[in-house]
Amino acid sequence: MNNPTIDFRNYGDGGNGASEKFANYRDQANVGADSFSSYAKNSNAAEVGFTNYGKSFNEGTDKFTGYGKEATGHKIGFKGYGVNNTFKEYAKEGVTFAQYTNVSTTLSASMATKAASGSFVKRWVEPGKFFREKVLKQGTVMPMPDIRDKMPERSFLPRTIVSKLPFSSSKLSELKQMFKVSDNSSMDNFMKESMSDCERVPSPGETKRCVGSIEDMIDFATSILGRNIAVRTTENVNGSKKNVMVGSVKGINGGKVTQSVSCHQSMFPYLLYYCHSVPMVRAYEADLLDPNSKAKINHGVAICHLDTTAWSPTHGAFLALGSGPGRIEVCHWIFENDMTWTIAD
């Protein structure tokens, strides 16, 4: 169509286990405008997917308001969307964005304006989640994000068992039967999402593997870094969602540019980690102090990514720090029960 205008309202509002999918709408239209209001709001375990929308030849508008707000167990995904989008009042968790098309190599003017004003940052990125390397110096007071592990406690499986499991998206139904996972349940959605991450083609320069046993994790780390390695994580969760003062700082491997293997939990019936090699990093350990009493409350581990050229322009780090891919380094803390492997000092 030349200039389609589509208004969607209140679908999945208050629903239980709803599933909504929108694909290829306004695709190759001239311009157009789409408005989505209150979808999956106040719902339970809703799944909403938007794919390849807003890809009109000329710049149209997409407006999303109140999606996933006050919902529980939801999963909302935006993938392959065009420019000039407005996202308001959406849930802080359970919402993912991928493959945003921008006007040039920078953020679109509207997003940049919001980023500069701070309103966009408040809506997208938790304070302290990303920071610059220069912040890691003694005496700096900075916000600590919520680094607590919010996933349920699970265990690794022995390698002898993991090696026999049909770990593949094509065999997902068999895995669900083994772990008694119902169709369209929250765990079903989590398993699909985790499996998709595990089977995703690696980014340029990335080597990755999903591991369900400690033996597999160690084997992967040593295959990248050699056998003289050490694993680190932040000591505890003290200071989460508060200001902390940076105490003594130590650069791992003398602060040299190095390679690491970072492992992040994925939601699955058993303990599953997404591990990937991270080239061009500097890793640090730092004592974290109470800003008032100056007493040590935590010992943090941070990773600074020095090459961000392949990152998306809409990555939360750039929205928080006000820059773009390849222009700055980006640092973050290692959260509870995540870990990073490096060559031992």
# chains A, B, ... in the order shown; residues from 1 in each chain; ligands from 1
$ residues_around --residues "Asn184 of chain A" --least-positions-apart "4" --cutoff "9 Å" --atoms "only C-alpha atoms" --output "list in words"
Gly17, Ala18, Ser19, Ala45, Glu47, Asp188 and Asn189 of chain A
$ write_last_selection --atoms "all heavy atoms" --output "CSV table (one decimal), in the first residue's frame"
chain,number,residue,atom,x,y,z
A,17,GLY,N,-1.3,-16.9,29.1
A,17,GLY,CA,-0.7,-17.8,28.1
A,17,GLY,C,-1.0,-17.4,26.7
A,17,GLY,O,-1.0,-18.2,25.8
A,18,ALA,N,-1.2,-16.1,26.4
A,18,ALA,CA,-1.6,-15.7,25.1
A,18,ALA,C,-0.3,-15.7,24.2
A,18,ALA,O,0.8,-15.7,24.6
A,18,ALA,CB,-2.1,-14.2,25.1
A,19,SER,N,-0.6,-15.9,22.9
A,19,SER,CA,0.5,-15.9,21.9
A,19,SER,C,0.1,-15.0,20.7
A,19,SER,O,-0.9,-15.3,20.0
A,19,SER,CB,0.8,-17.3,21.4
A,19,SER,OG,1.9,-17.3,20.5
A,45,ALA,N,2.3,-14.9,31.4
A,45,ALA,CA,3.0,-15.8,30.4
A,45,ALA,C,2.7,-15.5,29.0
A,45,ALA,O,2.5,-16.5,28.2
A,45,ALA,CB,2.8,-17.2,30.8
A,47,GLU,N,3.3,-14.3,25.1
A,47,GLU,CA,4.4,-14.3,24.2
A,47,GLU,C,4.0,-13.4,23.0
A,47,GLU,O,3.0,-13.8,22.3
A,47,GLU,CB,4.8,-15.6,23.7
A,47,GLU,CG,6.0,-15.6,22.7
A,47,GLU,CD,6.4,-17.0,22.3
A,47,GLU,OE1,5.8,-18.0,22.8
A,47,GLU,OE2,7.4,-17.1,21.6
A,188,ASP,N,8.6,-23.6,28.4
A,188,ASP,CA,8.7,-23.9,27.0
A,188,ASP,C,9.2,-22.7,26.2
A,188,ASP,O,10.2,-22.9,25.4
A,188,ASP,CB,7.2,-24.2,26.5
A,188,ASP,CG,7.2,-24.6,25.0
A,188,ASP,OD1,8.3,-24.9,24.4
A,188,ASP,OD2,6.1,-24.6,24.4
A,189,ASN,N,8.8,-21.5,26.5
A,189,ASN,CA,9.3,-20.3,25.8
A,189,ASN,C,10.7,-20.1,26.2
A,189,ASN,O,11.5,-19.7,25.3
A,189,ASN,CB,8.4,-19.1,26.2
A,189,ASN,CG,7.0,-19.2,25.7
A,189,ASN,OD1,6.8,-19.8,24.6
A,189,ASN,ND2,6.1,-18.6,26.4
$ residues_around --residues "Thr309 of chain A" --least-positions-apart "5" --cutoff "12 Å" --atoms "only C-alpha atoms" --output "ChimeraX atom specification"
/A:105,203-205,280,315,318,323-330
$ closest_residue --among "A:Asp290, A:Glu193, A:Asp219, A:Glu206" --to "Met245 of chain A" --atoms "only C-alpha atoms"
A:Asp290
$ residues_around --residues "segment 265-270 of chain A" --least-positions-apart "3" --cutoff "8 Å" --atoms "only C-alpha atoms" --output "PDB file with N, CA and C atoms, in the first residue's frame"
ATOM      1  N   MET A 151      17.362 -16.172  38.536  1.00  0.00           N
ATOM      2  CA  MET A 151      16.905 -17.458  38.018  1.00  0.00           C
ATOM      3  C   MET A 151      16.776 -18.474  39.149  1.00  0.00           C
ATOM      4  N   ARG A 154      19.369 -24.261  40.076  1.00  0.00           N
ATOM      5  CA  ARG A 154      19.415 -25.517  39.331  1.00  0.00           C
ATOM      6  C   ARG A 154      20.825 -26.085  39.432  1.00  0.00           C
ATOM      7  N   SER A 155      21.011 -27.295  38.959  1.00  0.00           N
ATOM      8  CA  SER A 155      22.325 -27.941  39.033  1.00  0.00           C
ATOM      9  C   SER A 155      22.807 -28.327  37.646  1.00  0.00           C
ATOM     10  N   PHE A 156      24.145 -28.330  37.494  1.00  0.00           N
ATOM     11  CA  PHE A 156      24.729 -28.968  36.325  1.00  0.00           C
ATOM     12  C   PHE A 156      24.352 -30.443  36.323  1.00  0.00           C
ATOM     13  N   LEU A 157      24.353 -31.046  35.155  1.00  0.00           N
ATOM     14  CA  LEU A 157      24.208 -32.492  35.047  1.00  0.00           C
ATOM     15  C   LEU A 157      25.581 -33.100  34.784  1.00  0.00           C
ATOM     16  N   PHE A 179      11.742 -33.559  30.649  1.00  0.00           N
ATOM     17  CA  PHE A 179      11.683 -32.675  31.815  1.00  0.00           C
ATOM     18  C   PHE A 179      10.262 -32.244  32.156  1.00  0.00           C
ATOM     19  N   MET A 187       8.298 -22.124  30.732  1.00  0.00           N
ATOM     20  CA  MET A 187       9.537 -22.864  30.529  1.00  0.00           C
ATOM     21  C   MET A 187       9.705 -23.269  29.078  1.00  0.00           C
ATOM     22  N   PHE A 190      11.098 -20.270  27.448  1.00  0.00           N
ATOM     23  CA  PHE A 190      12.493 -20.070  27.851  1.00  0.00           C
ATOM     24  C   PHE A 190      13.416 -21.054  27.133  1.00  0.00           C
ATOM     25  N   MET A 191      12.971 -22.304  27.023  1.00  0.00           N
ATOM     26  CA  MET A 191      13.792 -23.306  26.346  1.00  0.00           C
ATOM     27  C   MET A 191      14.007 -22.947  24.878  1.00  0.00           C
ATOM     28  N   SER A 194      16.493 -20.014  24.755  1.00  0.00           N
ATOM     29  CA  SER A 194      17.855 -20.451  25.064  1.00  0.00           C
ATOM     30  C   SER A 194      18.441 -21.263  23.916  1.00  0.00           C
ATOM     31  N   GLY A 212      26.240 -27.711  29.651  1.00  0.00           N
ATOM     32  CA  GLY A 212      25.355 -28.146  30.730  1.00  0.00           C
ATOM     33  C   GLY A 212      26.073 -28.959  31.790  1.00  0.00           C
ATOM     34  N   TYR A 273      24.834 -22.882  30.684  1.00  0.00           N
ATOM     35  CA  TYR A 273      25.566 -21.634  30.490  1.00  0.00           C
ATOM     36  C   TYR A 273      25.847 -21.412  29.012  1.00  0.00           C
ATOM     37  N   TYR A 274      25.695 -20.165  28.603  1.00  0.00           N
ATOM     38  CA  TYR A 274      26.113 -19.715  27.275  1.00  0.00           C
ATOM     39  C   TYR A 274      27.518 -19.144  27.451  1.00  0.00           C
ATOM     40  N   ASN A 337      26.663 -15.474  39.866  1.00  0.00           N
ATOM     41  CA  ASN A 337      26.598 -16.783  39.206  1.00  0.00           C
ATOM     42  C   ASN A 337      26.943 -16.756  37.721  1.00  0.00           C
ATOM     43  N   ASP A 338      27.306 -15.599  37.185  1.00  0.00           N
ATOM     44  CA  ASP A 338      27.996 -15.560  35.899  1.00  0.00           C
ATOM     45  C   ASP A 338      29.490 -15.565  36.205  1.00  0.00           C
TER      46      ASP A 338
END
$ closest_residue --among "A:Ala310, A:Ser173, A:Glu133, A:Pro166" --to "Ala283 of chain A" --atoms "only C-alpha atoms"
A:Glu133
$ closest_residue --among "A:Gly300, A:Pro291, A:Gly14, A:Pro127" --to "Ser248 of chain A" --atoms "only C-alpha atoms"
A:Gly300
$ closest_residue --among "A:Ala40, A:Pro279, A:Ala286, A:Val201" --to "Phe8 of chain A" --atoms "only C-alpha atoms"
A:Ala40
$ select_by_dssp --residues "segment 238-332 of chain A" --states "helix (DSSP H, G or I)" --output "NGL selection string"
:A and (252-255 or 316-321)
$ write_last_selection --atoms "N, CA and C atoms" --output "PDB file, in the first residue's frame"
ATOM      1  N   ILE A 252      43.788  -7.498  35.855  1.00  0.00           N
ATOM      2  CA  ILE A 252      44.139  -8.908  35.681  1.00  0.00           C
ATOM      3  C   ILE A 252      45.145  -9.018  34.530  1.00  0.00           C
ATOM      4  N   ASN A 253      46.157  -9.856  34.713  1.00  0.00           N
ATOM      5  CA  ASN A 253      47.273  -9.938  33.759  1.00  0.00           C
ATOM      6  C   ASN A 253      47.955  -8.578  33.589  1.00  0.00           C
ATOM      7  N   GLY A 254      48.043  -7.870  34.721  1.00  0.00           N
ATOM      8  CA  GLY A 254      48.726  -6.580  34.693  1.00  0.00           C
ATOM      9  C   GLY A 254      47.988  -5.500  33.939  1.00  0.00           C
ATOM     10  N   GLY A 255      46.699  -5.709  33.687  1.00  0.00           N
ATOM     11  CA  GLY A 255      45.924  -4.724  32.940  1.00  0.00           C
ATOM     12  C   GLY A 255      46.165  -4.757  31.447  1.00  0.00           C
ATOM     13  N   GLY A 316      22.159  -1.153  24.706  1.00  0.00           N
ATOM     14  CA  GLY A 316      21.922  -0.365  25.909  1.00  0.00           C
ATOM     15  C   GLY A 316      23.130   0.418  26.375  1.00  0.00           C
ATOM     16  N   ALA A 317      24.328  -0.107  26.106  1.00  0.00           N
ATOM     17  CA  ALA A 317      25.539   0.592  26.532  1.00  0.00           C
ATOM     18  C   ALA A 317      25.641   1.965  25.871  1.00  0.00           C
ATOM     19  N   PHE A 318      25.305   2.044  24.582  1.00  0.00           N
ATOM     20  CA  PHE A 318      25.429   3.323  23.881  1.00  0.00           C
ATOM     21  C   PHE A 318      24.314   4.284  24.276  1.00  0.00           C
ATOM     22  N   LEU A 319      23.138   3.727  24.584  1.00  0.00           N
ATOM     23  CA  LEU A 319      22.057   4.581  25.065  1.00  0.00           C
ATOM     24  C   LEU A 319      22.416   5.168  26.425  1.00  0.00           C
ATOM     25  N   ALA A 320      23.090   4.366  27.258  1.00  0.00           N
ATOM     26  CA  ALA A 320      23.465   4.830  28.597  1.00  0.00           C
ATOM     27  C   ALA A 320      24.644   5.785  28.564  1.00  0.00           C
ATOM     28  N   LEU A 321      25.619   5.506  27.692  1.00  0.00           N
ATOM     29  CA  LEU A 321      26.870   6.261  27.713  1.00  0.00           C
ATOM     30  C   LEU A 321      26.937   7.338  26.631  1.00  0.00           C
TER      31      LEU A 321
END
$ atom_distance --atom1 "atom CA of Glu336 of chain A" --atom2 "atom CA of Cys198 of chain A"
21.0 Å
$ closest_residue --among "A:Gly139, A:Pro152, A:Gly15, A:Gly251" --to "Val281 of chain A" --atoms "only C-alpha atoms"
A:Gly251
$ residues_around --residues "Met217 of chain A" --least-positions-apart "2" --cutoff "12 Å" --atoms "only C-alpha atoms" --output "VMD selection string"
chain A and resid 156 to 159 208 to 215 219 to 224 231 261 to 265 271 to 277 339 to 341
$ atom_distance --atom1 "atom CA of His299 of chain A" --atom2 "atom CA of Ile218 of chain A"
23.4 Å
$ closest_residue --among "A:Asn292, A:Phe335, A:Val257, A:Asn10" --to "Lys150 of chain A" --atoms "only C-alpha atoms"
A:Phe335
$ decode --residues "segment 314-340 of chain A" --atoms "N, CA, C and O atoms" --output "mmCIF file, in the first residue's frame"
data_model
loop_
_atom_site.group_PDB
_atom_site.id
_atom_site.type_symbol
_atom_site.label_atom_id
_atom_site.label_comp_id
_atom_site.auth_asym_id
_atom_site.auth_seq_id
_atom_site.Cartn_x
_atom_site.Cartn_y
_atom_site.Cartn_z
ATOM 1 N N THR A 314 21.870 0.464 18.831
ATOM 2 C CA THR A 314 20.871 0.627 19.888
ATOM 3 C C THR A 314 21.177 -0.222 21.111
ATOM 4 O O THR A 314 20.318 -0.410 21.967
ATOM 5 N N HIS A 315 22.392 -0.761 21.197
ATOM 6 C CA HIS A 315 22.799 -1.493 22.398
ATOM 7 C C HIS A 315 22.629 -0.576 23.605
ATOM 8 O O HIS A 315 22.907 0.624 23.554
ATOM 9 N N GLY A 316 22.159 -1.153 24.706
ATOM 10 C CA GLY A 316 21.922 -0.365 25.909
ATOM 11 C C GLY A 316 23.130 0.418 26.375
ATOM 12 O O GLY A 316 22.994 1.500 26.958
ATOM 13 N N ALA A 317 24.328 -0.107 26.106
ATOM 14 C CA ALA A 317 25.539 0.592 26.532
ATOM 15 C C ALA A 317 25.641 1.965 25.871
ATOM 16 O O ALA A 317 26.018 2.951 26.519
ATOM 17 N N PHE A 318 25.305 2.044 24.582
ATOM 18 C CA PHE A 318 25.429 3.323 23.881
ATOM 19 C C PHE A 318 24.314 4.284 24.276
ATOM 20 O O PHE A 318 24.504 5.502 24.298
ATOM 21 N N LEU A 319 23.138 3.727 24.584
ATOM 22 C CA LEU A 319 22.057 4.581 25.065
ATOM 23 C C LEU A 319 22.416 5.168 26.425
ATOM 24 O O LEU A 319 22.112 6.316 26.729
ATOM 25 N N ALA A 320 23.090 4.366 27.258
ATOM 26 C CA ALA A 320 23.465 4.830 28.597
ATOM 27 C C ALA A 320 24.644 5.785 28.564
ATOM 28 O O ALA A 320 24.677 6.768 29.315
ATOM 29 N N LEU A 321 25.619 5.506 27.692
ATOM 30 C CA LEU A 321 26.870 6.261 27.713
ATOM 31 C C LEU A 321 26.937 7.338 26.631
ATOM 32 O O LEU A 321 27.862 8.141 26.621
ATOM 33 N N GLY A 322 25.972 7.327 25.710
ATOM 34 C CA GLY A 322 25.893 8.398 24.736
ATOM 35 C C GLY A 322 26.924 8.335 23.635
ATOM 36 O O GLY A 322 27.547 9.340 23.316
ATOM 37 N N SER A 323 27.107 7.163 23.030
ATOM 38 C CA SER A 323 28.065 7.053 21.927
ATOM 39 C C SER A 323 27.563 6.008 20.946
ATOM 40 O O SER A 323 26.360 5.757 20.867
ATOM 41 N N GLY A 324 28.501 5.390 20.208
ATOM 42 C CA GLY A 324 28.097 4.420 19.213
ATOM 43 C C GLY A 324 29.155 3.366 18.988
ATOM 44 O O GLY A 324 30.243 3.415 19.581
ATOM 45 N N PRO A 325 28.868 2.392 18.141
ATOM 46 C CA PRO A 325 29.784 1.268 17.915
ATOM 47 C C PRO A 325 31.177 1.714 17.479
ATOM 48 O O PRO A 325 31.325 2.566 16.618
ATOM 49 N N GLY A 326 32.185 1.122 18.119
ATOM 50 C CA GLY A 326 33.566 1.385 17.743
ATOM 51 C C GLY A 326 34.133 2.688 18.255
ATOM 52 O O GLY A 326 35.319 2.963 18.077
ATOM 53 N N ARG A 327 33.315 3.498 18.898
ATOM 54 C CA ARG A 327 33.788 4.809 19.354
ATOM 55 C C ARG A 327 34.312 4.779 20.782
ATOM 56 O O ARG A 327 35.156 5.597 21.145
ATOM 57 N N ILE A 328 33.786 3.881 21.592
ATOM 58 C CA ILE A 328 34.193 3.822 22.993
ATOM 59 C C ILE A 328 34.335 2.370 23.431
ATOM 60 O O ILE A 328 33.800 1.457 22.801
ATOM 61 N N GLU A 329 35.074 2.185 24.519
ATOM 62 C CA GLU A 329 35.078 0.893 25.200
ATOM 63 C C GLU A 329 33.870 0.851 26.143
ATOM 64 O O GLU A 329 33.339 1.900 26.537
ATOM 65 N N VAL A 330 33.423 -0.342 26.480
ATOM 66 C CA VAL A 330 32.268 -0.505 27.371
ATOM 67 C C VAL A 330 32.620 -1.521 28.447
ATOM 68 O O VAL A 330 33.091 -2.624 28.141
ATOM 69 N N CYS A 331 32.392 -1.146 29.696
ATOM 70 C CA CYS A 331 32.695 -2.032 30.824
ATOM 71 C C CYS A 331 31.409 -2.429 31.544
ATOM 72 O O CYS A 331 30.407 -1.696 31.524
ATOM 73 N N HIS A 332 31.450 -3.581 32.197
ATOM 74 C CA HIS A 332 30.327 -4.013 33.027
ATOM 75 C C HIS A 332 30.832 -4.979 34.092
ATOM 76 O O HIS A 332 31.883 -5.610 33.945
ATOM 77 N N TRP A 333 30.089 -5.096 35.169
ATOM 78 C CA TRP A 333 30.414 -6.040 36.241
ATOM 79 C C TRP A 333 29.993 -7.447 35.838
ATOM 80 O O TRP A 333 29.058 -7.623 35.042
ATOM 81 N N ILE A 334 30.639 -8.431 36.392
ATOM 82 C CA ILE A 334 30.205 -9.821 36.248
ATOM 83 C C ILE A 334 29.153 -10.074 37.324
ATOM 84 O O ILE A 334 29.416 -9.915 38.517
ATOM 85 N N PHE A 335 27.952 -10.461 36.906
ATOM 86 C CA PHE A 335 26.829 -10.616 37.830
ATOM 87 C C PHE A 335 26.933 -11.927 38.621
ATOM 88 O O PHE A 335 27.707 -12.822 38.283
ATOM 89 N N GLU A 336 26.093 -12.015 39.645
ATOM 90 C CA GLU A 336 26.055 -13.213 40.489
ATOM 91 C C GLU A 336 25.827 -14.471 39.643
ATOM 92 O O GLU A 336 24.925 -14.523 38.808
ATOM 93 N N ASN A 337 26.663 -15.474 39.866
ATOM 94 C CA ASN A 337 26.598 -16.783 39.206
ATOM 95 C C ASN A 337 26.943 -16.756 37.721
ATOM 96 O O ASN A 337 26.873 -17.791 37.055
ATOM 97 N N ASP A 338 27.306 -15.599 37.185
ATOM 98 C CA ASP A 338 27.996 -15.560 35.899
ATOM 99 C C ASP A 338 29.490 -15.565 36.205
ATOM 100 O O ASP A 338 29.905 -15.381 37.351
ATOM 101 N N MET A 339 30.328 -15.785 35.206
ATOM 102 C CA MET A 339 31.768 -15.879 35.484
ATOM 103 C C MET A 339 32.564 -15.562 34.235
ATOM 104 O O MET A 339 32.062 -15.604 33.110
ATOM 105 N N THR A 340 33.829 -15.225 34.462
ATOM 106 C CA THR A 340 34.744 -14.993 33.350
ATOM 107 C C THR A 340 36.035 -15.763 33.591
ATOM 108 O O THR A 340 36.562 -15.774 34.703
#
